[in-house]
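Here is the file entry.cif (mmCIF, C-alpha atoms).
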```
data_entry
loop_
_atom_site.label_atom_id
_atom_site.label_comp_id
_atom_site.auth_asym_id
_atom_site.auth_seq_id
_atom_site.Cartn_x
_atom_site.Cartn_y
_atom_site.Cartn_z
CA MET A 1 -74.65 -23.65 1.03
CA GLY A 2 -73.70 -22.07 4.33
CA ASN A 3 -75.97 -20.29 6.79
CA HIS A 4 -76.18 -16.63 5.86
CA ASN A 5 -77.99 -14.80 8.69
CA SER A 6 -78.07 -11.57 6.75
CA PHE A 7 -79.96 -13.32 3.98
CA ASN A 8 -83.04 -13.79 6.20
CA LEU A 9 -86.71 -14.28 5.41
CA ASN A 10 -87.60 -10.59 5.35
CA HIS A 11 -84.75 -9.89 2.97
CA LYS A 12 -85.90 -12.72 0.72
CA GLU A 13 -89.46 -11.36 0.67
CA GLN A 14 -88.22 -7.90 -0.25
CA LEU A 15 -86.09 -9.25 -3.08
CA HIS A 16 -88.95 -11.41 -4.34
CA SER A 17 -91.36 -8.49 -4.32
CA ALA A 18 -88.84 -6.26 -6.09
CA ARG A 19 -88.23 -8.96 -8.66
CA ILE A 20 -91.91 -9.32 -9.53
CA ASN A 21 -92.37 -5.56 -9.95
CA SER A 22 -89.15 -5.06 -11.89
CA LEU A 23 -89.72 -7.86 -14.35
CA ASN A 24 -92.78 -6.08 -15.66
CA LYS A 25 -90.58 -3.15 -16.61
CA ASP A 26 -87.25 -4.73 -17.54
CA PRO A 27 -86.64 -8.49 -17.98
CA THR A 28 -82.89 -8.00 -17.58
CA LEU A 29 -83.46 -7.48 -13.85
CA GLY A 30 -84.64 -11.06 -13.43
CA MET A 31 -81.28 -12.11 -12.07
CA LEU A 32 -81.11 -9.38 -9.40
CA PRO A 33 -81.42 -11.81 -6.43
CA MET A 34 -78.52 -13.82 -7.86
CA GLU A 35 -76.40 -10.67 -7.99
CA LYS A 36 -77.32 -9.88 -4.40
CA LEU A 37 -76.47 -13.41 -3.29
CA GLY A 38 -73.14 -13.21 -5.09
CA LYS A 39 -72.26 -10.00 -3.26
CA LEU A 40 -73.21 -11.55 0.09
CA LEU A 41 -70.97 -14.55 -0.59
CA ILE A 42 -68.07 -12.30 -1.58
CA GLN A 43 -68.49 -10.31 1.62
CA LYS A 44 -68.62 -13.46 3.76
CA SER A 45 -65.53 -14.93 2.08
CA LEU A 46 -63.63 -11.71 2.76
CA GLU A 47 -64.65 -11.73 6.42
CA GLU A 48 -64.05 -15.41 7.15
CA ASP A 49 -61.21 -16.42 4.79
CA SER A 50 -59.68 -13.06 3.77
CA ILE A 51 -60.39 -13.97 0.13
CA ASN A 52 -61.19 -11.29 -2.42
CA GLY A 53 -63.86 -13.36 -4.18
CA ILE A 54 -66.08 -16.30 -3.31
CA GLY A 55 -64.10 -18.91 -1.38
CA CYS A 56 -64.71 -22.65 -1.33
CA GLY A 57 -65.38 -22.49 2.42
CA VAL A 58 -68.64 -20.68 1.80
CA PHE A 59 -70.15 -23.77 0.17
CA LYS A 60 -71.08 -26.47 2.73
CA MET A 61 -71.52 -29.51 0.54
CA TYR A 62 -70.62 -32.26 2.97
CA ALA A 63 -72.99 -34.61 4.77
CA ASP A 64 -76.02 -32.32 4.93
CA GLY A 65 -74.26 -30.17 7.50
CA LYS A 66 -73.36 -33.13 9.76
CA GLU A 67 -69.96 -34.09 11.13
CA GLU A 68 -69.86 -37.42 9.27
CA ILE A 69 -70.46 -38.45 5.67
CA ASP A 70 -71.36 -41.88 4.33
CA GLN A 71 -70.37 -43.62 1.10
CA ASP A 72 -73.65 -42.85 -0.70
CA GLN A 73 -73.35 -39.13 0.00
CA PHE A 74 -69.78 -39.01 -1.28
CA ARG A 75 -70.77 -41.07 -4.32
CA ASP A 76 -73.59 -38.62 -5.08
CA LEU A 77 -71.13 -35.74 -4.92
CA LEU A 78 -68.76 -37.48 -7.38
CA ILE A 79 -71.59 -38.23 -9.78
CA ALA A 80 -72.79 -34.61 -9.59
CA VAL A 81 -69.34 -33.26 -10.51
CA TYR A 82 -68.94 -35.83 -13.31
CA LYS A 83 -72.38 -35.08 -14.75
CA LEU A 84 -71.66 -31.36 -14.65
CA ALA A 85 -68.50 -31.93 -16.67
CA MET A 86 -70.13 -34.21 -19.23
CA ASP A 87 -73.22 -32.03 -19.75
CA HIS A 88 -71.32 -29.02 -21.08
CA TYR A 89 -69.69 -30.33 -24.21
CA PRO A 90 -70.30 -28.24 -27.37
CA GLU A 91 -71.48 -31.33 -29.25
CA GLY A 92 -73.86 -32.30 -26.45
CA PRO A 93 -73.81 -34.34 -23.23
CA GLN A 94 -71.34 -37.23 -23.05
CA SER A 95 -71.40 -40.50 -21.15
CA CYS A 96 -69.06 -43.34 -20.19
CA ARG A 97 -70.18 -46.85 -19.35
CA TYR A 98 -67.23 -47.21 -16.98
CA ILE A 99 -68.27 -44.27 -14.76
CA PHE A 100 -69.61 -46.33 -11.85
CA LYS A 101 -66.48 -48.48 -11.79
CA THR A 102 -64.34 -45.34 -11.79
CA ILE A 103 -66.35 -43.67 -9.02
CA GLN A 104 -66.39 -46.84 -6.92
CA SER A 105 -62.58 -46.95 -7.03
CA VAL A 106 -62.50 -43.42 -5.58
CA VAL A 107 -65.04 -44.27 -2.86
CA ASP A 108 -63.25 -47.50 -1.89
CA SER A 109 -59.92 -45.72 -1.67
CA ALA A 110 -61.26 -42.93 0.53
CA PHE A 111 -63.37 -45.04 2.92
CA HIS A 112 -61.12 -48.12 3.37
CA LYS A 113 -64.20 -50.37 3.78
CA LYS A 114 -65.69 -48.04 6.41
CA LEU A 115 -69.32 -46.99 6.15
CA THR A 116 -68.84 -43.40 7.35
CA LEU A 117 -65.98 -40.92 7.70
CA LYS A 118 -65.41 -37.67 9.49
CA VAL A 119 -65.91 -34.73 7.15
CA GLY A 120 -62.49 -33.35 8.07
CA TYR A 121 -60.76 -36.61 7.16
CA LEU A 122 -62.51 -36.84 3.79
CA THR A 123 -61.66 -33.21 3.08
CA ASN A 124 -57.97 -33.93 3.65
CA TRP A 125 -58.18 -37.06 1.50
CA ILE A 126 -59.66 -35.06 -1.38
CA LEU A 127 -56.97 -32.39 -1.07
CA GLN A 128 -54.28 -35.07 -1.29
CA HIS A 129 -55.65 -37.33 -4.04
CA CYS A 130 -57.99 -35.21 -6.21
CA PRO A 131 -57.52 -31.60 -5.08
CA ARG A 132 -59.41 -30.02 -8.00
CA LEU A 133 -62.59 -32.02 -7.47
CA ILE A 134 -64.50 -29.59 -5.23
CA VAL A 135 -62.74 -26.53 -6.65
CA LEU A 136 -64.18 -27.27 -10.06
CA LEU A 137 -67.73 -27.52 -8.79
CA HIS A 138 -67.13 -24.34 -6.82
CA ARG A 139 -65.93 -22.50 -9.92
CA TYR A 140 -69.00 -23.49 -11.84
CA ILE A 141 -71.33 -22.25 -9.10
CA VAL A 142 -69.41 -18.98 -8.83
CA HIS A 143 -69.68 -18.58 -12.59
CA ILE A 144 -73.45 -19.07 -12.49
CA LEU A 145 -73.86 -16.69 -9.56
CA SER A 146 -71.70 -13.97 -11.05
CA THR A 147 -72.47 -14.14 -14.77
CA GLY A 148 -75.72 -16.07 -15.10
CA TYR A 149 -77.65 -12.88 -15.76
CA ARG A 150 -75.87 -12.53 -19.12
CA SER A 151 -78.08 -15.22 -20.62
CA VAL A 152 -81.05 -12.96 -19.86
CA ILE A 153 -79.35 -9.80 -21.11
CA GLU A 154 -78.29 -11.32 -24.42
CA LYS A 155 -81.90 -12.28 -25.16
CA CYS A 156 -82.99 -8.68 -24.68
CA PRO A 157 -83.10 -6.95 -28.10
CA TYR A 158 -82.46 -3.49 -26.66
CA SER A 159 -79.60 -4.42 -24.30
CA LYS A 160 -75.99 -3.51 -25.02
CA PRO A 161 -72.95 -5.59 -23.99
CA ASN A 162 -70.65 -4.14 -21.37
CA GLU A 163 -67.36 -3.53 -23.16
CA ASN A 164 -65.47 -3.30 -19.84
CA GLU A 165 -66.63 -6.75 -18.69
CA PRO A 166 -64.49 -9.72 -19.82
CA ASN A 167 -66.15 -12.33 -21.97
CA ASP A 168 -63.63 -15.11 -21.36
CA LEU A 169 -61.53 -16.60 -18.60
CA GLU A 170 -58.10 -18.19 -18.63
CA LEU A 171 -58.37 -21.84 -19.59
CA THR A 172 -56.57 -24.76 -18.01
CA THR A 173 -58.05 -27.72 -19.88
CA PRO A 174 -60.13 -27.66 -23.08
CA VAL A 175 -63.00 -29.93 -23.93
CA LEU A 176 -62.68 -32.43 -26.73
CA GLU A 177 -63.46 -30.70 -30.00
CA GLN A 178 -62.33 -33.49 -32.29
CA GLU A 179 -62.85 -37.22 -32.71
CA ASN A 180 -62.54 -38.70 -29.25
CA LEU A 181 -59.96 -41.47 -28.93
CA PHE A 182 -61.13 -42.03 -25.36
CA LYS A 183 -64.63 -43.12 -26.39
CA THR A 184 -64.10 -46.26 -28.47
CA GLU A 185 -67.18 -48.28 -27.60
CA LYS A 186 -65.87 -51.86 -27.79
CA ASN A 187 -62.50 -51.47 -26.10
CA PRO A 188 -61.70 -47.90 -25.05
CA LEU A 189 -58.02 -47.11 -24.85
CA LEU A 190 -58.69 -44.79 -21.96
CA PRO A 191 -62.33 -44.50 -20.75
CA LEU A 192 -63.65 -40.96 -20.58
CA SER A 193 -64.49 -41.28 -16.88
CA GLN A 194 -60.86 -42.14 -16.09
CA VAL A 195 -59.67 -39.10 -18.02
CA TRP A 196 -62.13 -36.99 -16.02
CA ILE A 197 -61.01 -38.19 -12.60
CA LEU A 198 -57.36 -37.83 -13.64
CA SER A 199 -57.99 -34.20 -14.54
CA THR A 200 -58.98 -33.54 -10.90
CA THR A 201 -55.53 -34.73 -9.79
CA LEU A 202 -52.92 -34.12 -12.47
CA PRO A 203 -50.82 -30.93 -12.42
CA ALA A 204 -51.63 -28.36 -15.11
CA LEU A 205 -48.53 -29.45 -17.03
CA TYR A 206 -50.47 -32.47 -18.32
CA THR A 207 -53.86 -30.82 -18.79
CA GLN A 208 -52.87 -27.45 -20.24
CA PRO A 209 -55.15 -26.44 -23.11
CA ILE A 210 -54.67 -25.68 -26.75
CA LEU A 211 -55.27 -21.97 -27.16
CA HIS A 212 -58.70 -21.05 -28.48
CA SER A 213 -59.71 -17.82 -30.11
CA LYS A 214 -61.71 -15.54 -27.88
CA PRO A 215 -65.39 -15.08 -28.70
CA THR A 216 -66.51 -11.70 -29.92
CA PRO A 217 -68.92 -9.72 -27.69
CA ASN A 218 -71.71 -10.01 -30.27
CA CYS A 219 -71.59 -13.78 -30.58
CA PHE A 220 -71.26 -14.81 -26.95
CA ASN A 221 -72.74 -18.26 -26.42
CA THR A 222 -73.29 -19.44 -22.85
CA GLN A 223 -73.04 -23.16 -23.63
CA ASN A 224 -69.78 -22.83 -25.57
CA PHE A 225 -68.38 -20.52 -22.92
CA LEU A 226 -69.13 -23.00 -20.13
CA SER A 227 -67.63 -25.85 -22.09
CA LYS A 228 -64.35 -23.93 -22.43
CA PHE A 229 -64.50 -22.50 -18.90
CA LEU A 230 -64.83 -25.80 -17.02
CA ASP A 231 -61.27 -27.07 -16.62
CA PHE A 232 -62.23 -30.62 -15.68
CA SER A 233 -63.24 -31.49 -19.21
CA CYS A 234 -61.02 -33.89 -21.12
CA PRO A 235 -57.91 -32.66 -22.93
CA SER A 236 -58.02 -32.55 -26.71
CA HIS A 237 -54.24 -32.34 -27.12
CA TRP A 238 -53.30 -35.77 -25.77
CA THR A 239 -51.63 -37.89 -28.46
CA LEU A 240 -51.39 -41.67 -28.33
CA LEU A 241 -47.70 -42.53 -28.75
CA TYR A 242 -47.68 -46.20 -27.88
CA ASN A 243 -50.34 -48.90 -27.46
CA SER A 244 -48.92 -52.35 -26.79
CA ASN A 245 -52.12 -54.01 -28.04
CA GLN A 246 -51.45 -52.46 -31.43
CA HIS A 247 -47.66 -52.06 -31.56
CA GLY A 248 -46.61 -55.11 -29.56
CA ILE A 249 -45.27 -55.30 -26.01
CA GLY A 250 -41.58 -55.24 -25.20
CA SER A 251 -38.74 -52.87 -24.40
CA ASN A 252 -37.75 -52.39 -28.07
CA ARG A 253 -41.30 -51.52 -29.11
CA PHE A 254 -41.66 -49.18 -26.14
CA LEU A 255 -38.41 -47.34 -26.89
CA HIS A 256 -39.18 -47.06 -30.59
CA HIS A 257 -42.49 -45.29 -30.03
CA VAL A 258 -41.81 -43.08 -27.00
CA LEU A 259 -38.22 -41.88 -27.35
CA SER A 260 -37.64 -38.42 -28.87
CA TYR A 261 -41.08 -37.15 -27.76
CA ARG A 262 -39.85 -34.03 -25.99
CA GLY A 263 -42.83 -33.26 -23.82
CA PRO A 264 -44.71 -34.54 -20.75
CA THR A 265 -46.24 -38.01 -21.01
CA LEU A 266 -48.69 -40.24 -19.17
CA THR A 267 -47.90 -43.96 -19.13
CA PHE A 268 -50.65 -46.42 -18.18
CA LEU A 269 -49.75 -49.91 -16.97
CA ARG A 270 -52.53 -52.51 -16.86
CA GLY A 271 -51.99 -55.70 -14.92
CA ASP A 272 -54.03 -58.76 -14.14
CA GLU A 273 -56.50 -58.72 -11.24
CA GLY A 274 -57.80 -55.41 -12.62
CA VAL A 275 -54.95 -53.14 -11.49
CA LEU A 276 -54.19 -49.95 -13.40
CA PHE A 277 -51.32 -47.55 -12.70
CA CYS A 278 -50.41 -44.20 -14.23
CA MET A 279 -46.96 -42.57 -14.36
CA GLY A 280 -46.77 -38.89 -15.25
CA GLY A 281 -43.36 -37.84 -16.59
CA THR A 282 -42.56 -34.17 -16.97
CA SER A 283 -40.03 -34.60 -19.78
CA GLU A 284 -39.09 -37.00 -22.54
CA TRP A 285 -38.33 -40.64 -21.79
CA ARG A 286 -34.61 -41.39 -21.83
CA GLU A 287 -32.30 -44.21 -20.84
CA SER A 288 -30.12 -43.45 -17.86
CA HIS A 289 -28.64 -45.08 -14.77
CA GLN A 290 -30.05 -42.18 -12.73
CA TYR A 291 -33.57 -41.13 -11.81
CA TRP A 292 -34.97 -38.11 -13.62
CA GLY A 293 -38.13 -35.95 -13.74
CA GLY A 294 -39.31 -32.53 -12.56
CA ASP A 295 -41.41 -31.41 -9.61
CA ASP A 296 -44.68 -32.35 -11.33
CA THR A 297 -43.73 -36.00 -11.76
CA ILE A 298 -46.62 -38.04 -10.36
CA LEU A 299 -47.52 -41.71 -9.84
CA LEU A 300 -51.11 -42.85 -9.39
CA GLN A 301 -53.19 -45.98 -9.04
CA LEU A 302 -56.53 -45.80 -10.82
CA LEU A 303 -57.93 -49.30 -10.20
CA PRO A 304 -59.08 -51.02 -8.07
CA ASN A 305 -58.44 -48.02 -5.77
CA TYR A 306 -57.82 -44.43 -6.85
CA LYS A 307 -54.93 -42.74 -5.05
CA VAL A 308 -51.76 -40.73 -5.51
CA ILE A 309 -48.80 -43.03 -4.83
CA ASN A 310 -45.97 -40.56 -5.15
CA ARG A 311 -45.16 -37.11 -6.49
CA GLY A 312 -41.97 -35.12 -6.76
CA PRO A 313 -38.73 -34.74 -8.76
CA LYS A 314 -36.31 -37.49 -9.82
CA SER A 315 -38.93 -40.24 -9.66
CA MET A 316 -38.58 -41.88 -13.12
CA TYR A 317 -36.02 -44.45 -14.30
CA LEU A 318 -35.51 -46.32 -17.58
CA ASN A 319 -32.60 -48.60 -18.44
CA THR A 320 -32.48 -51.39 -21.03
CA SER A 321 -28.81 -51.40 -22.03
CA ILE A 322 -26.50 -49.96 -19.36
CA ARG A 323 -24.66 -52.78 -17.62
CA GLY A 324 -24.28 -52.92 -13.86
CA TYR A 325 -27.56 -51.14 -13.16
CA PRO A 326 -31.13 -52.40 -12.71
CA LYS A 327 -32.93 -53.05 -16.01
CA GLY A 328 -36.48 -52.04 -16.88
CA ILE A 329 -38.71 -49.20 -15.72
CA ARG A 330 -38.79 -47.93 -12.14
CA ALA A 331 -40.69 -45.10 -10.49
CA GLY A 332 -40.77 -43.67 -6.98
CA ASN A 333 -38.90 -41.35 -4.66
CA ASP A 334 -36.78 -44.13 -3.10
CA PRO A 335 -34.39 -45.77 -5.60
CA ARG A 336 -33.79 -48.65 -3.19
CA LYS A 337 -37.51 -49.39 -2.95
CA PRO A 338 -39.38 -48.22 -6.07
CA SER A 339 -43.13 -47.76 -5.88
CA ILE A 340 -43.66 -49.21 -9.38
CA GLU A 341 -41.37 -51.59 -11.30
CA VAL A 342 -41.55 -53.10 -14.79
CA ASP A 343 -39.00 -55.85 -15.47
CA ASP A 344 -36.75 -55.65 -18.52
CA SER A 345 -38.78 -58.30 -20.36
CA PHE A 346 -41.96 -56.24 -19.87
CA GLN A 347 -43.78 -59.25 -18.45
CA HIS A 348 -44.66 -58.02 -14.96
CA VAL A 349 -45.47 -54.80 -13.11
CA THR A 350 -44.77 -54.73 -9.38
CA HIS A 351 -46.32 -52.45 -6.77
CA CYS A 352 -45.59 -52.63 -3.03
CA GLY A 353 -43.72 -55.88 -3.60
CA ILE A 354 -46.69 -57.56 -5.30
CA PRO A 355 -46.08 -58.63 -8.94
CA TYR A 356 -48.87 -58.53 -11.52
CA LYS A 357 -48.78 -59.87 -15.04
CA LEU A 358 -48.39 -56.89 -17.36
CA GLU A 359 -51.27 -57.02 -19.83
CA SER A 360 -50.86 -53.73 -21.71
CA ILE A 361 -49.03 -50.41 -21.79
CA GLU A 362 -50.23 -47.11 -23.21
CA VAL A 363 -48.24 -43.89 -23.46
CA TRP A 364 -49.98 -40.58 -24.19
CA GLY A 365 -48.10 -37.43 -25.12
CA CYS A 366 -49.40 -34.38 -23.25
CA GLY A 367 -47.34 -31.71 -24.96
CA SER A 368 -48.12 -29.47 -27.90
CA PRO A 369 -48.66 -30.73 -31.47
CA LYS A 370 -45.16 -29.42 -32.19
CA ASN A 371 -43.69 -32.02 -29.82
CA ARG A 372 -45.28 -34.79 -31.87
CA GLU A 373 -44.14 -33.27 -35.17
CA VAL A 374 -40.54 -33.06 -33.93
CA GLN A 375 -40.63 -36.70 -32.80
CA LEU A 376 -41.91 -37.87 -36.19
CA ASP A 377 -39.26 -35.80 -37.98
CA ILE A 378 -36.53 -37.40 -35.87
CA LYS A 379 -37.86 -40.88 -36.58
CA ASN A 380 -38.01 -40.21 -40.33
CA TRP A 381 -34.41 -38.97 -40.24
CA GLN A 382 -33.29 -42.09 -38.36
CA ILE A 383 -35.00 -44.34 -40.93
CA LYS A 384 -33.30 -42.55 -43.83
CA GLU A 385 -29.89 -42.77 -42.15
CA ALA A 386 -30.37 -46.49 -41.54
CA GLU A 387 -31.24 -47.00 -45.20
CA LYS A 388 -28.14 -45.09 -46.29
CA THR A 389 -25.95 -47.25 -44.06
CA ARG A 390 -27.36 -50.45 -45.54
CA LYS A 391 -26.76 -49.25 -49.11
CA LEU A 392 -23.11 -48.30 -48.60
CA LYS A 393 -20.76 -50.55 -50.65
CA MET A 394 -17.88 -52.21 -48.88
CA THR A 395 -14.32 -52.13 -50.23
CA SER A 396 -12.24 -55.31 -50.57
CA LYS A 397 -9.99 -54.20 -47.74
CA GLU A 398 -12.98 -53.65 -45.42
CA TRP A 399 -14.38 -57.04 -46.37
CA LEU A 400 -11.19 -58.84 -45.34
CA ASP A 401 -11.76 -57.80 -41.71
CA HIS A 402 -15.56 -57.99 -41.75
CA PRO A 403 -17.21 -60.47 -39.30
CA ASP A 404 -19.53 -61.77 -42.01
CA ARG A 405 -16.48 -63.07 -43.95
CA TYR A 406 -15.46 -65.28 -41.06
CA LEU A 407 -19.02 -66.53 -40.62
CA LEU A 408 -19.12 -67.57 -44.26
CA GLU A 409 -15.81 -69.40 -43.92
CA LEU A 410 -17.01 -71.20 -40.81
CA ALA A 411 -20.04 -72.30 -42.79
CA GLY A 412 -17.73 -73.91 -45.34
CA ARG A 413 -17.64 -71.24 -48.03
CA GLN A 414 -14.03 -70.56 -48.95
CA THR A 415 -14.56 -68.59 -52.19
CA TYR A 416 -16.73 -65.55 -52.64
CA SER A 417 -17.06 -62.53 -54.86
CA THR A 418 -15.16 -59.43 -53.89
CA SER A 419 -18.28 -57.41 -54.68
#
```
Representation of the structure as structure tokens:
Amino acid sequence: MGNHNSFNLNHKEQLHSARINSLNKDPTLGMLPMEKLGKLLIQKSLEEDSINGIGCGVFKMYADGKEEIDQDQFRDLLIAVYKLAMDHYPEGPQSCRYIFKTIQSVVDSAFHKKLTLKVGYLTNWILQHCPRLIVLLHRYIVHILSTGYRSVIEKCPYSKPNENEPNDLELTTPVLEQENLFKTEKNPLLPLSQVWILSTTLPALYTQPILHSKPTPNCFNTQNFLSKFLDFSCPSHWTLLYNSNQHGIGSNRFLHHVLSYRGPTLTFLRGDEGVLFCMGGTSEWRESHQYWGGDDTILLQLLPNYKVINRGPKSMYLNTSIRGYPKGIRAGNDPRKPSIEVDDSFQHVTHCGIPYKLESIEVWGCGSPKNREVQLDIKNWQIKEAEKTRKLKMTSKEWLDHPDRYLLELAGRQTYSTS
């Protein structure tokens, strides 16, 4: 934390002495130094950054105050943020056996095989590729500094809750409160650590929460509150739309499972040599000869390096049937030179001109449960309509001009029933 000259040794001794004397009279005053520190940080943020609150600049977390930071220090910071996220689940701390692989991809991407980096360079890299990483740790510390005393107050039998003080904050991403599809032990569809690092990068459109009921003042629980407050926990509203390992790989299978889902999606492309890409689409997949997508469209590489490839509108393209235009999936802000390409046979994924064998595709819906219900309703309607079409009887006049009649005649059958 930064150097606070006003928070000097004499001031610390006075606070410590006051704390010892006050605790004998009222245990709710045990967090008084924390309140004082919070006020000092607010004052410093206002003076230095013109922020009405506690700004990120107050917290000096880089390189032990030095001008350079090495890989181990950055790795420790990533692990600290990850552990903070995983330790505040309502059902208890979580873990992911892929965490070190995930973190190493972030370190390798930032350092480019260098041993040390300038703090300013690494700061800019974080802002570009995982902008919510430090902010999330900052929010947690601010929460502890500003509201940590509540855990002492609520244990006091004669204390009364402050009705004018809010008990909840606006959420941006919920924690998983249901069976976790990301944590399959043998072959996880999407490892929990990858979901975590994605949540530090993705726009809120993909990580928006399902609304939770607000806790009542009399049943405030610190652990549950923190689990809902931390917005880098994993989303519970993601729905698996398509898994090529289960549904089969190919353009027809892809279209069947992802079309008509009218909400944002994340599409993961796994290739050989350990590459993994992610395409975030702001709206439903659709076939077109033009690029589509809103401002929050984003392309990322997760492995072997973690980085944002491209972001911005009109970056997605899908065409499997329109003649005269490129076939397959394309993504990027330059139609003449796409950042990511999947050929129409769904055999290869290409990035920066390098083709990789496409091993699997997963598509996750990031909208509301209503989006999934609408998609299923549309599919059920399509199935019923197809069945009706097959059951329709054909008249003799229609049969005379039907292609199947000529096929039968070519096969040598000259007589047939008019039915």
For the structure provided, state which residues fall under the PyMOL selection byres ((chain A and resi 315) around 8), and present them as an NGL selection string. :A and (291-293 or 297 or 311-314 or 316-317 or 331-334)
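Picture a line from atom CA of Val374 of chain A to atom CA of Tyr261 of chain A; it runs 7.4 Å.
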Pick the closest to Gly280 of chain A from A:Ser260, A:Pro335, A:Glu362, A:Ser251: which is it, counting only C-alpha atoms? A:Glu362
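Summary of the local environment: counting only C-alpha atoms, residues at most 12 Å from Ile79 of chain A, other than itself and those fewer than 5 positions away along its chain, are Asp72, Gln73, Phe74, Leu84, Ala85, Met86, Asp87, Ser95, Cys96, Ile99, Phe100, Lys101, Thr102, Ile103, Gln104, Val106, Val107, Leu133, Leu137, Ser193, Trp196 and Ile197 of chain A.
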Find the residues near Ala110 of chain A: any atom within 10 Å, counting all atoms listed in the file, skip ones fewer than 3 places away on the same chain, and give them as a PDB file with C-alpha atoms, in the coordinates of the input.
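Printed below is result_24.pdb as written:
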```pdb
ATOM      1  CA  GLN A  71     -70.370 -43.620   1.100  1.00  0.00           C
ATOM      2  CA  PHE A  74     -69.780 -39.010  -1.280  1.00  0.00           C
ATOM      3  CA  GLN A 104     -66.390 -46.840  -6.920  1.00  0.00           C
ATOM      4  CA  SER A 105     -62.580 -46.950  -7.030  1.00  0.00           C
ATOM      5  CA  VAL A 106     -62.500 -43.420  -5.580  1.00  0.00           C
ATOM      6  CA  VAL A 107     -65.040 -44.270  -2.860  1.00  0.00           C
ATOM      7  CA  LYS A 113     -64.200 -50.370   3.780  1.00  0.00           C
ATOM      8  CA  LYS A 114     -65.690 -48.040   6.410  1.00  0.00           C
ATOM      9  CA  LEU A 117     -65.980 -40.920   7.700  1.00  0.00           C
ATOM     10  CA  TYR A 121     -60.760 -36.610   7.160  1.00  0.00           C
ATOM     11  CA  LEU A 122     -62.510 -36.840   3.790  1.00  0.00           C
ATOM     12  CA  TRP A 125     -58.180 -37.060   1.500  1.00  0.00           C
ATOM     13  CA  ILE A 126     -59.660 -35.060  -1.380  1.00  0.00           C
ATOM     14  CA  HIS A 129     -55.650 -37.330  -4.040  1.00  0.00           C
ATOM     15  CA  ASN A 305     -58.440 -48.020  -5.770  1.00  0.00           C
ATOM     16  CA  TYR A 306     -57.820 -44.430  -6.850  1.00  0.00           C
ATOM     17  CA  LYS A 307     -54.930 -42.740  -5.050  1.00  0.00           C
TER      18      LYS A 307
END
```
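Atom CA of Thr239 of chain A lies 11.3 Å from atom CA of Lys370 of chain A.
Relative to atom CA of Gln347 of chain A, atom CA of Ile309 of chain A is found at 21.8 Å.
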Nearest candidate to Gln375 of chain A (options A:Tyr140, A:Tyr206, A:Phe346, A:Trp285; using all atoms listed in the file): A:Trp285
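Each of A:Lys66, A:His237, A:Arg75, A:His247 was checked against Leu205 of chain A using all atoms listed in the file; the smallest atom-to-atom distance is that of A:His237.
Non-sequential neighbours of Pro264 of chain A (distance at most 7 Å, separation of 6 or more positions within a chain, all atoms listed in the file) are Tyr206, Gly281, Thr282, Ser283, Glu284, Gly365, Cys366 and Gly367 of chain A.
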Could you turn the residues from that selection into a file that holds C-alpha atoms, as an mmCIF file, keeping the file's coordinate frame?
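Printed below is again_3.cif as written:
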```
data_model
loop_
_atom_site.group_PDB
_atom_site.id
_atom_site.type_symbol
_atom_site.label_atom_id
_atom_site.label_comp_id
_atom_site.auth_asym_id
_atom_site.auth_seq_id
_atom_site.Cartn_x
_atom_site.Cartn_y
_atom_site.Cartn_z
ATOM 1 C CA TYR A 206 -50.470 -32.470 -18.320
ATOM 2 C CA GLY A 281 -43.360 -37.840 -16.590
ATOM 3 C CA THR A 282 -42.560 -34.170 -16.970
ATOM 4 C CA SER A 283 -40.030 -34.600 -19.780
ATOM 5 C CA GLU A 284 -39.090 -37.000 -22.540
ATOM 6 C CA GLY A 365 -48.100 -37.430 -25.120
ATOM 7 C CA CYS A 366 -49.400 -34.380 -23.250
ATOM 8 C CA GLY A 367 -47.340 -31.710 -24.960
#
```
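Proximity ranking of A:Arg132, A:Lys379, A:His138, A:Arg270 relative to Ser360 of chain A places A:Arg270 first, based on only C-alpha atoms.
The protein and nucleic acid residues lying at most 12 Å from Pro355 of chain A are Arg270, Gly271, Asp272, Glu273, Val275, Ser339, Ile340, Glu341, Val342, Asp343, Phe346, Gln347, His348, Val349, Thr350, His351, Cys352 and Leu358 of chain A, with only C-alpha atoms considered and sequence neighbours fewer than 3 positions away removed.
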Residues from last step as file, C-alpha atoms, as a PDB file, keeping the file's coordinate frame:
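The resulting file, result_23.pdb, is shown below:
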```pdb
ATOM      1  CA  ARG A 270     -52.530 -52.510 -16.860  1.00  0.00           C
ATOM      2  CA  GLY A 271     -51.990 -55.700 -14.920  1.00  0.00           C
ATOM      3  CA  ASP A 272     -54.030 -58.760 -14.140  1.00  0.00           C
ATOM      4  CA  GLU A 273     -56.500 -58.720 -11.240  1.00  0.00           C
ATOM      5  CA  VAL A 275     -54.950 -53.140 -11.490  1.00  0.00           C
ATOM      6  CA  SER A 339     -43.130 -47.760  -5.880  1.00  0.00           C
ATOM      7  CA  ILE A 340     -43.660 -49.210  -9.380  1.00  0.00           C
ATOM      8  CA  GLU A 341     -41.370 -51.590 -11.300  1.00  0.00           C
ATOM      9  CA  VAL A 342     -41.550 -53.100 -14.790  1.00  0.00           C
ATOM     10  CA  ASP A 343     -39.000 -55.850 -15.470  1.00  0.00           C
ATOM     11  CA  PHE A 346     -41.960 -56.240 -19.870  1.00  0.00           C
ATOM     12  CA  GLN A 347     -43.780 -59.250 -18.450  1.00  0.00           C
ATOM     13  CA  HIS A 348     -44.660 -58.020 -14.960  1.00  0.00           C
ATOM     14  CA  VAL A 349     -45.470 -54.800 -13.110  1.00  0.00           C
ATOM     15  CA  THR A 350     -44.770 -54.730  -9.380  1.00  0.00           C
ATOM     16  CA  HIS A 351     -46.320 -52.450  -6.770  1.00  0.00           C
ATOM     17  CA  CYS A 352     -45.590 -52.630  -3.030  1.00  0.00           C
ATOM     18  CA  LEU A 358     -48.390 -56.890 -17.360  1.00  0.00           C
TER      19      LEU A 358
END
```
